[in-house]
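Data file: coords34.csv. Format and content: CSV, C-alpha atoms.
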```csv
chain,number,residue,atom,x,y,z
O,1,MET,CA,10.4,7.7,4.8
O,2,MET,CA,7.7,5.1,5.1
O,3,PRO,CA,4.0,6.0,4.4
O,4,GLN,CA,2.1,6.7,7.7
O,5,LEU,CA,-1.6,6.7,6.8
O,6,VAL,CA,-3.8,5.5,4.0
O,7,THR,CA,-7.1,7.2,3.4
O,8,VAL,CA,-9.8,5.4,1.5
O,9,LYS,CA,-13.0,7.1,0.4
O,10,VAL,CA,-15.8,5.3,-1.4
O,11,ASN,CA,-18.4,7.5,-3.2
O,12,ARG,CA,-21.6,5.5,-3.8
O,13,PRO,CA,-24.6,6.7,-5.7
O,14,ASP,CA,-27.6,7.7,-3.7
O,15,ARG,CA,-25.8,7.1,-0.4
O,16,ARG,CA,-23.4,8.9,1.9
O,17,PRO,CA,-19.7,8.3,1.1
O,18,ILE,CA,-17.7,5.9,3.2
O,19,ARG,CA,-14.4,7.2,4.4
O,20,PHE,CA,-11.9,5.3,6.6
O,21,TRP,CA,-8.2,5.7,7.6
O,22,VAL,CA,-5.7,2.9,7.9
O,23,PRO,CA,-2.5,3.6,9.9
O,24,VAL,CA,0.3,1.8,8.1
O,25,LEU,CA,2.7,1.0,11.0
O,26,PRO,CA,0.2,-1.1,13.1
O,27,VAL,CA,-0.8,-3.1,9.9
O,28,VAL,CA,2.9,-3.7,9.1
O,29,LEU,CA,3.6,-4.8,12.7
O,30,LEU,CA,0.6,-7.1,12.6
O,31,LEU,CA,1.7,-8.6,9.2
O,32,PHE,CA,5.4,-8.7,10.2
O,33,PRO,CA,5.7,-12.6,9.9
O,34,VAL,CA,4.3,-12.4,6.4
O,35,VAL,CA,6.6,-9.5,5.5
O,36,VAL,CA,9.6,-11.6,6.6
O,37,LEU,CA,8.6,-14.5,4.5
O,38,VAL,CA,8.1,-12.3,1.5
O,39,VAL,CA,11.5,-10.7,1.9
O,40,LEU,CA,13.1,-14.2,2.2
O,41,ALA,CA,11.2,-15.4,-0.9
O,42,ALA,CA,12.4,-12.3,-2.8
O,43,ILE,CA,16.0,-13.0,-1.8
O,44,VAL,CA,15.7,-16.6,-3.0
O,45,ALA,CA,14.2,-15.4,-6.3
O,46,CYS,CA,17.1,-13.0,-6.7
O,47,LEU,CA,19.6,-15.8,-6.2
O,48,VAL,CA,17.7,-18.0,-8.7
O,49,PHE,CA,17.6,-15.4,-11.4
O,50,ARG,CA,21.1,-14.0,-10.6
O,51,ILE,CA,19.9,-10.6,-9.6
O,52,GLY,CA,21.7,-8.6,-6.9
O,53,ALA,CA,19.6,-9.1,-3.8
O,54,VAL,CA,20.8,-6.0,-2.0
O,55,ARG,CA,20.2,-3.8,-5.1
O,56,ALA,CA,16.7,-5.4,-5.6
O,57,LEU,CA,15.7,-4.8,-1.9
O,58,GLY,CA,17.1,-1.3,-2.1
O,59,ALA,CA,15.0,-0.6,-5.2
O,60,GLY,CA,11.9,-2.0,-3.4
O,61,TRP,CA,12.5,0.3,-0.4
O,62,ARG,CA,12.9,3.3,-2.7
O,63,VAL,CA,9.5,2.5,-4.3
O,64,ILE,CA,7.8,2.2,-0.8
O,65,SER,CA,9.5,5.4,0.3
O,66,ALA,CA,8.1,7.3,-2.8
O,67,LEU,CA,4.5,6.4,-2.0
O,68,PRO,CA,3.6,9.2,0.4
O,69,GLY,CA,1.7,11.8,-1.6
O,70,ALA,CA,0.3,9.3,-4.1
O,71,ARG,CA,-3.4,9.3,-5.0
O,72,PHE,CA,-5.3,6.6,-6.8
O,73,ASP,CA,-8.8,7.3,-8.3
O,74,ILE,CA,-10.8,4.4,-9.4
O,75,GLU,CA,-14.2,4.7,-11.0
O,76,GLN,CA,-16.5,1.8,-11.9
O,77,GLY,CA,-19.9,2.8,-13.2
O,78,ARG,CA,-21.3,5.3,-10.7
O,79,THR,CA,-19.1,4.2,-7.8
O,80,ALA,CA,-15.7,5.9,-7.2
O,81,VAL,CA,-12.9,5.0,-4.9
O,82,LEU,CA,-10.2,7.4,-3.8
O,83,VAL,CA,-7.0,6.1,-2.1
O,84,ALA,CA,-4.6,8.6,-0.8
O,85,ILE,CA,-1.3,7.6,0.8
O,86,ARG,CA,0.3,10.1,3.3
```

Let me see whether you can do it: turn the structure in this file into structure tokens.
Amino acid sequence: MMPQLVTVKVNRPDRRPIRFWVPVLPVVLLLFPVVVLVVLAAIVACLVFRIGAVRALGAGWRVISALPGARFDIEQGRTAVLVAIR
């Protein structure tokens, strides 16, 4: 299953936190031409390096399918960013 929503929260010192939600499907549809070019480039790279293109694309899909439920916490100084994928 593909991720549906990405939540980003930025905690800033001495200010209110910023929180926004990014729906994944509209972003993918908007960037679809770029996604097609990336997939074609990946297939060409697989052929050049003699890697099974079907297996490589399947592995990429499994990585994307495993993303829901992932959380990334990034801290730099007093600023913290939380990215949650649902």

Using only C-alpha atoms, the best pick from O:Val36, O:Ala53, O:Val83, O:Arg78 as closest to Arg15 of chain O would be O:Arg78

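A straight line drawn from atom CA of Val81 of chain O to atom CA of Leu5 of chain O is 16.4 Å long.
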
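Atom CA of Leu67 of chain O to atom CA of Leu25 of chain O spans 14.2 Å [interatomic distance, one decimal].
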
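Remark: for Leu82 of chain O, the closest of the candidate residues O:Val8, O:Ile64, O:Ala59, O:Ala41 is O:Val8 (distances computed over only C-alpha atoms).
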
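Note that the spacing between atom CA of Val27 of chain O and atom CA of Leu40 of chain O amounts to 19.4 Å.
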
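Remark: for Gln76 of chain O, the closest of the candidate residues O:Pro33, O:Pro23, O:Gly52, O:Pro13 is O:Pro13 (distances computed over only C-alpha atoms).
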
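Distance check against Leu57 of chain O using all atoms listed in the file: of O:Val39, O:Ala45, O:Ile85, O:Phe72, the minimum falls on O:Val39.
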
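Residue nearest Ala80 of chain O, chosen from O:Cys46, O:Met2, O:Ile18, O:Val10 and counting all atoms listed in the file: O:Val10.
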
Pro68 of chain O: which residues within 12 Å, counting only C-alpha atoms, same-chain residues fewer than 5 positions away excluded, as an NGL selection string? :O and (1-7 or 24 or 62-63 or 83-86)

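Nearest to Ile43 of chain O of all the residues O:Pro26, O:Asp14, O:Leu31, O:Gly60 is O:Gly60, counting only C-alpha atoms.
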
Just so I have it separately, write segment 11-69 of chain O from the block I sent, keeping C-alpha atoms, as a compact mmCIF listing (two decimals), in the first residue's frame.
```
# COMPACT_ATOMS: atom_id res chain seq x y z
CA ASN O 11 9.40 23.18 16.38
CA ARG O 12 11.11 26.55 16.53
CA PRO O 13 12.47 28.15 19.69
CA ASP O 14 10.42 31.05 21.06
CA ARG O 15 7.75 30.62 18.36
CA ARG O 16 4.68 28.51 17.75
CA PRO O 17 5.36 25.23 15.96
CA ILE O 18 4.53 25.00 12.27
CA ARG O 19 2.57 21.91 11.22
CA PHE O 20 1.41 21.02 7.73
CA TRP O 21 0.05 17.97 5.97
CA VAL O 22 0.96 16.87 2.44
CA PRO O 23 -1.37 14.41 0.68
CA VAL O 24 0.83 12.04 -1.33
CA LEU O 25 -1.50 11.11 -4.22
CA PRO O 26 -2.04 14.66 -5.57
CA VAL O 27 1.71 15.32 -5.38
CA VAL O 28 2.46 12.09 -7.27
CA LEU O 29 -0.15 12.94 -9.91
CA LEU O 30 1.30 16.43 -10.28
CA LEU O 31 4.83 15.04 -10.65
CA PHE O 32 3.78 12.06 -12.81
CA PRO O 33 5.82 13.13 -15.90
CA VAL O 34 8.95 13.33 -13.73
CA VAL O 35 8.15 9.94 -12.15
CA VAL O 36 7.88 8.36 -15.63
CA LEU O 37 11.27 9.79 -16.62
CA VAL O 38 12.86 8.53 -13.39
CA VAL O 39 11.46 5.02 -13.94
CA LEU O 40 12.75 5.00 -17.54
CA ALA O 41 16.18 6.18 -16.36
CA ALA O 42 16.19 3.43 -13.72
CA ILE O 43 15.38 0.81 -16.37
CA VAL O 44 18.22 2.08 -18.59
CA ALA O 45 20.61 2.03 -15.60
CA CYS O 46 19.55 -1.55 -14.83
CA LEU O 47 20.31 -2.57 -18.41
CA VAL O 48 23.70 -0.82 -18.37
CA PHE O 49 24.75 -2.43 -15.10
CA ARG O 50 23.15 -5.80 -15.96
CA ILE O 51 20.64 -5.80 -13.12
CA GLY O 52 17.20 -7.35 -13.49
CA ALA O 53 14.93 -4.35 -14.14
CA VAL O 54 11.76 -6.12 -12.94
CA ARG O 55 13.41 -7.20 -9.69
CA ALA O 56 14.89 -3.72 -9.12
CA LEU O 57 11.54 -1.98 -9.70
CA GLY O 58 9.86 -4.55 -7.44
CA ALA O 59 12.38 -3.85 -4.69
CA GLY O 60 11.78 -0.09 -5.07
CA TRP O 61 8.02 -0.63 -4.79
CA ARG O 62 8.50 -2.71 -1.63
CA VAL O 63 10.54 0.11 -0.07
CA ILE O 64 7.80 2.65 -0.90
CA SER O 65 5.13 0.29 0.42
CA ALA O 66 7.02 -0.07 3.73
CA LEU O 67 7.07 3.70 4.39
CA PRO O 68 3.66 4.11 6.11
CA GLY O 69 4.27 4.32 9.84
```
